[in-house]
Amino acid sequence: MVLAAYSFARHRCLLDVGGGDGSFLIAAGRQAPALQLMLFDLPGVAEIAREKFAAEKLAARASISEGSFLTDPLPTGADAISLIRVVHDHEHDAVLALFARAREALPRDGVLVIGEPMSDASGVDSVSAYFNLYLLAMGSGRPRSFAALQKLLKQSGFGQVRQRSTRIPMIASVIVARS
């Protein structure tokens, strides 16, 4: 869904923060064969991604950095950063700090792409109802509206914050912001 709303083919290098097993980067790499791939996640998760990149024959164009996006600076060198289903799992201060780290890691005119379930401005839509239950079970986080995320992005130094439509917004909406 995210890749249908935004193509990374125009970019040189994509850093997926909290990229898990690398599934999103693999899909982005298939869409954009010249794209260099970077993943940043916790050490145990990063090892799974290494194996998956090797199995998909992407190891030569993929690099993995280990750390926590809650406490560590993000790797530099990418002209695009993605946060796919990461933001809703964290509280306000952590999201604001993550956006600031992403802004610091990007070059001038770099792009941050967020793929996220979002609530409407009232917070009482079906997305909010579903994800509020999910996040209650997880113990943290909440879906946010585009306006709330736009405000946090602007506080972190991003501009040109735009929402892109997706086929099934309940699963993911897309925000693109420029550094």
# chains A, B, ... in the order shown; residues from 1 in each chain; ligands from 1

$ residues_around --residues "segment 89-102 of chain A" --least-positions-apart "6" --cutoff "12 Å" --atoms "only C-alpha atoms" --output "PyMOL selection string"
chain A and resi 15-18+40+68-83+108+110-114+116-118+131-132+134-144+148-158+177-179

$ write_last_selection --atoms "C-alpha atoms" --output "compact mmCIF listing (two decimals), in the first residue's frame"
# COMPACT_ATOMS: atom_id res chain seq x y z
CA LEU A 15 16.73 3.94 5.39
CA ASP A 16 13.88 1.99 6.97
CA VAL A 17 13.81 2.78 10.70
CA GLY A 18 12.33 0.04 12.86
CA PHE A 40 17.96 0.25 11.44
CA SER A 68 17.26 1.75 19.25
CA PHE A 69 15.58 4.65 17.51
CA LEU A 70 14.38 5.72 20.96
CA THR A 71 17.90 6.43 22.22
CA ASP A 72 20.45 6.20 19.40
CA PRO A 73 21.14 8.56 16.50
CA LEU A 74 19.97 7.23 13.15
CA PRO A 75 22.51 6.29 10.49
CA THR A 76 23.19 8.97 7.89
CA GLY A 77 23.66 8.62 4.14
CA ALA A 78 20.09 8.03 2.98
CA ASP A 79 18.08 10.62 1.06
CA ALA A 80 14.82 8.99 2.16
CA ILE A 81 13.72 7.52 5.49
CA SER A 82 10.66 5.36 6.03
CA LEU A 83 8.72 4.71 9.21
CA ARG A 108 18.68 19.01 2.98
CA GLY A 110 15.53 14.63 2.06
CA VAL A 111 12.19 12.87 2.43
CA LEU A 112 10.51 11.15 5.36
CA VAL A 113 7.74 8.72 4.40
CA ILE A 114 5.38 7.50 7.11
CA GLU A 116 0.63 4.43 9.39
CA PRO A 117 -2.96 3.75 10.38
CA MET A 118 -4.37 7.20 11.15
CA PHE A 131 -6.33 0.53 16.83
CA ASN A 132 -7.23 1.91 20.26
CA TYR A 134 -5.03 -3.07 19.62
CA LEU A 135 -2.78 -0.54 21.33
CA LEU A 136 -4.54 -0.98 24.65
CA ALA A 137 -3.62 -4.66 24.43
CA MET A 138 -0.03 -3.72 23.48
CA GLY A 139 0.21 -1.33 26.42
CA SER A 140 1.32 1.82 24.57
CA GLY A 141 0.73 4.09 21.63
CA ARG A 142 -2.28 5.44 19.77
CA PRO A 143 -3.41 6.28 16.26
CA ARG A 144 -3.06 9.96 15.42
CA ALA A 148 -1.57 15.74 14.78
CA LEU A 149 1.29 14.09 12.88
CA GLN A 150 1.72 17.17 10.68
CA LYS A 151 2.11 19.31 13.81
CA LEU A 152 4.74 16.96 15.26
CA LEU A 153 6.61 16.87 11.94
CA LYS A 154 6.67 20.66 11.70
CA GLN A 155 7.89 20.90 15.32
CA SER A 156 10.74 18.59 14.29
CA GLY A 157 11.79 20.80 11.38
CA PHE A 158 10.00 19.12 8.48
CA ALA A 177 7.52 15.31 4.55
CA ARG A 178 10.62 17.15 3.35
CA SER A 179 13.60 18.01 5.53

$ residues_around --residues "Phe146 of chain A" --least-positions-apart "4" --cutoff "9 Å" --atoms "only C-alpha atoms" --output "short mmCIF file (atom, residue, chain, number, x, y, z; two decimals) with all heavy atoms, in the first residue's frame"
data_model
loop_
_atom_site.label_atom_id
_atom_site.label_comp_id
_atom_site.auth_asym_id
_atom_site.auth_seq_id
_atom_site.Cartn_x
_atom_site.Cartn_y
_atom_site.Cartn_z
N MET A 118 -4.11 5.88 10.56
CA MET A 118 -4.37 7.20 11.15
C MET A 118 -5.85 7.35 11.48
O MET A 118 -6.71 6.84 10.78
CB MET A 118 -3.96 8.31 10.18
CG MET A 118 -2.47 8.44 10.05
SD MET A 118 -2.04 9.74 8.91
CE MET A 118 -0.73 8.91 8.01
N SER A 119 -6.10 8.09 12.53
CA SER A 119 -7.48 8.41 12.89
C SER A 119 -7.90 9.66 12.13
O SER A 119 -7.06 10.38 11.58
CB SER A 119 -7.58 8.65 14.39
OG SER A 119 -6.86 9.81 14.75
N ASP A 120 -9.19 9.93 12.13
CA ASP A 120 -9.60 11.22 11.60
C ASP A 120 -9.44 12.25 12.71
O ASP A 120 -9.05 11.93 13.83
CB ASP A 120 -11.02 11.17 11.01
CG ASP A 120 -12.12 11.05 12.06
OD1 ASP A 120 -11.83 11.11 13.26
OD2 ASP A 120 -13.29 10.90 11.65
N ALA A 121 -9.70 13.49 12.42
CA ALA A 121 -9.45 14.56 13.39
C ALA A 121 -10.26 14.38 14.68
O ALA A 121 -9.81 14.75 15.75
CB ALA A 121 -9.76 15.92 12.77
N GLN A 150 1.18 16.00 11.38
CA GLN A 150 1.72 17.17 10.68
C GLN A 150 2.31 18.16 11.68
O GLN A 150 3.40 18.70 11.46
CB GLN A 150 0.60 17.82 9.86
CG GLN A 150 1.05 19.01 9.04
CD GLN A 150 -0.11 19.60 8.26
OE1 GLN A 150 -1.22 19.71 8.76
NE2 GLN A 150 0.17 19.99 7.03
N LYS A 151 1.61 18.39 12.77
CA LYS A 151 2.11 19.31 13.81
C LYS A 151 3.43 18.82 14.40
O LYS A 151 4.38 19.59 14.56
CB LYS A 151 1.05 19.46 14.91
CG LYS A 151 1.43 20.43 15.99
CD LYS A 151 0.33 20.56 17.02
CE LYS A 151 0.76 21.52 18.12
NZ LYS A 151 -0.25 21.62 19.18
N ARG A 162 2.63 16.38 3.42
CA ARG A 162 1.46 16.05 2.60
C ARG A 162 0.99 14.63 2.90
O ARG A 162 1.80 13.74 3.13
CB ARG A 162 1.80 16.12 1.11
CG ARG A 162 2.42 17.40 0.65
CD ARG A 162 1.36 18.40 0.21
NE ARG A 162 1.91 19.55 -0.47
CZ ARG A 162 2.39 20.64 0.13
NH1 ARG A 162 2.43 20.69 1.43
NH2 ARG A 162 2.85 21.65 -0.56
N GLN A 163 -0.32 14.46 2.82
CA GLN A 163 -0.88 13.12 2.96
C GLN A 163 -1.17 12.56 1.57
O GLN A 163 -1.64 13.28 0.70
CB GLN A 163 -2.17 13.17 3.79
CG GLN A 163 -2.70 11.80 4.13
CD GLN A 163 -3.84 11.84 5.13
OE1 GLN A 163 -4.42 12.87 5.40
NE2 GLN A 163 -4.15 10.68 5.70
N SER A 173 -2.23 4.84 5.94
CA SER A 173 -2.23 6.09 5.20
C SER A 173 -0.76 6.48 5.06
O SER A 173 0.09 5.99 5.80
CB SER A 173 -3.01 7.16 5.96
OG SER A 173 -4.37 6.83 6.01
N ILE A 175 2.13 9.63 4.74
CA ILE A 175 2.53 11.03 4.86
C ILE A 175 3.93 11.16 4.28
O ILE A 175 4.80 10.34 4.57
CB ILE A 175 2.53 11.51 6.32
CG1 ILE A 175 1.10 11.50 6.89
CG2 ILE A 175 3.15 12.90 6.44
CD1 ILE A 175 1.03 11.89 8.34
#

$ atom_distance --atom1 "atom CA of Arg30 of chain A" --atom2 "atom CA of Glu66 of chain A"
23.4 Å

$ atom_distance --atom1 "atom CA of Ile26 of chain A" --atom2 "atom CA of Ile168 of chain A"
21.3 Å

$ select_by_dssp --residues "segment 73-118 of chain A" --states "strand (DSSP E)" --output "PyMOL selection string"
chain A and resi 80-84+111-116+118

$ closest_residue --among "A:Arg50, A:Arg103, A:Arg61, A:Arg167" --to "Cys13 of chain A" --atoms "only C-alpha atoms"
A:Arg61

$ select_by_dssp --residues "chain A" --states "alpha helix (DSSP H)" --output "count of residues only"
63

$ atom_distance --atom1 "atom CA of Phe53 of chain A" --atom2 "atom CA of Gly22 of chain A"
7.2 Å

$ residues_around --residues "Ala54 of chain A" --least-positions-apart "5" --cutoff "12 Å" --atoms "only C-alpha atoms" --output "list in words"
Asp21, Gly22, Ile26, Glu47, Ile48, Ala49, Ala59, Ala60, Arg61, Ala62, Ser63 and Ile64 of chain A
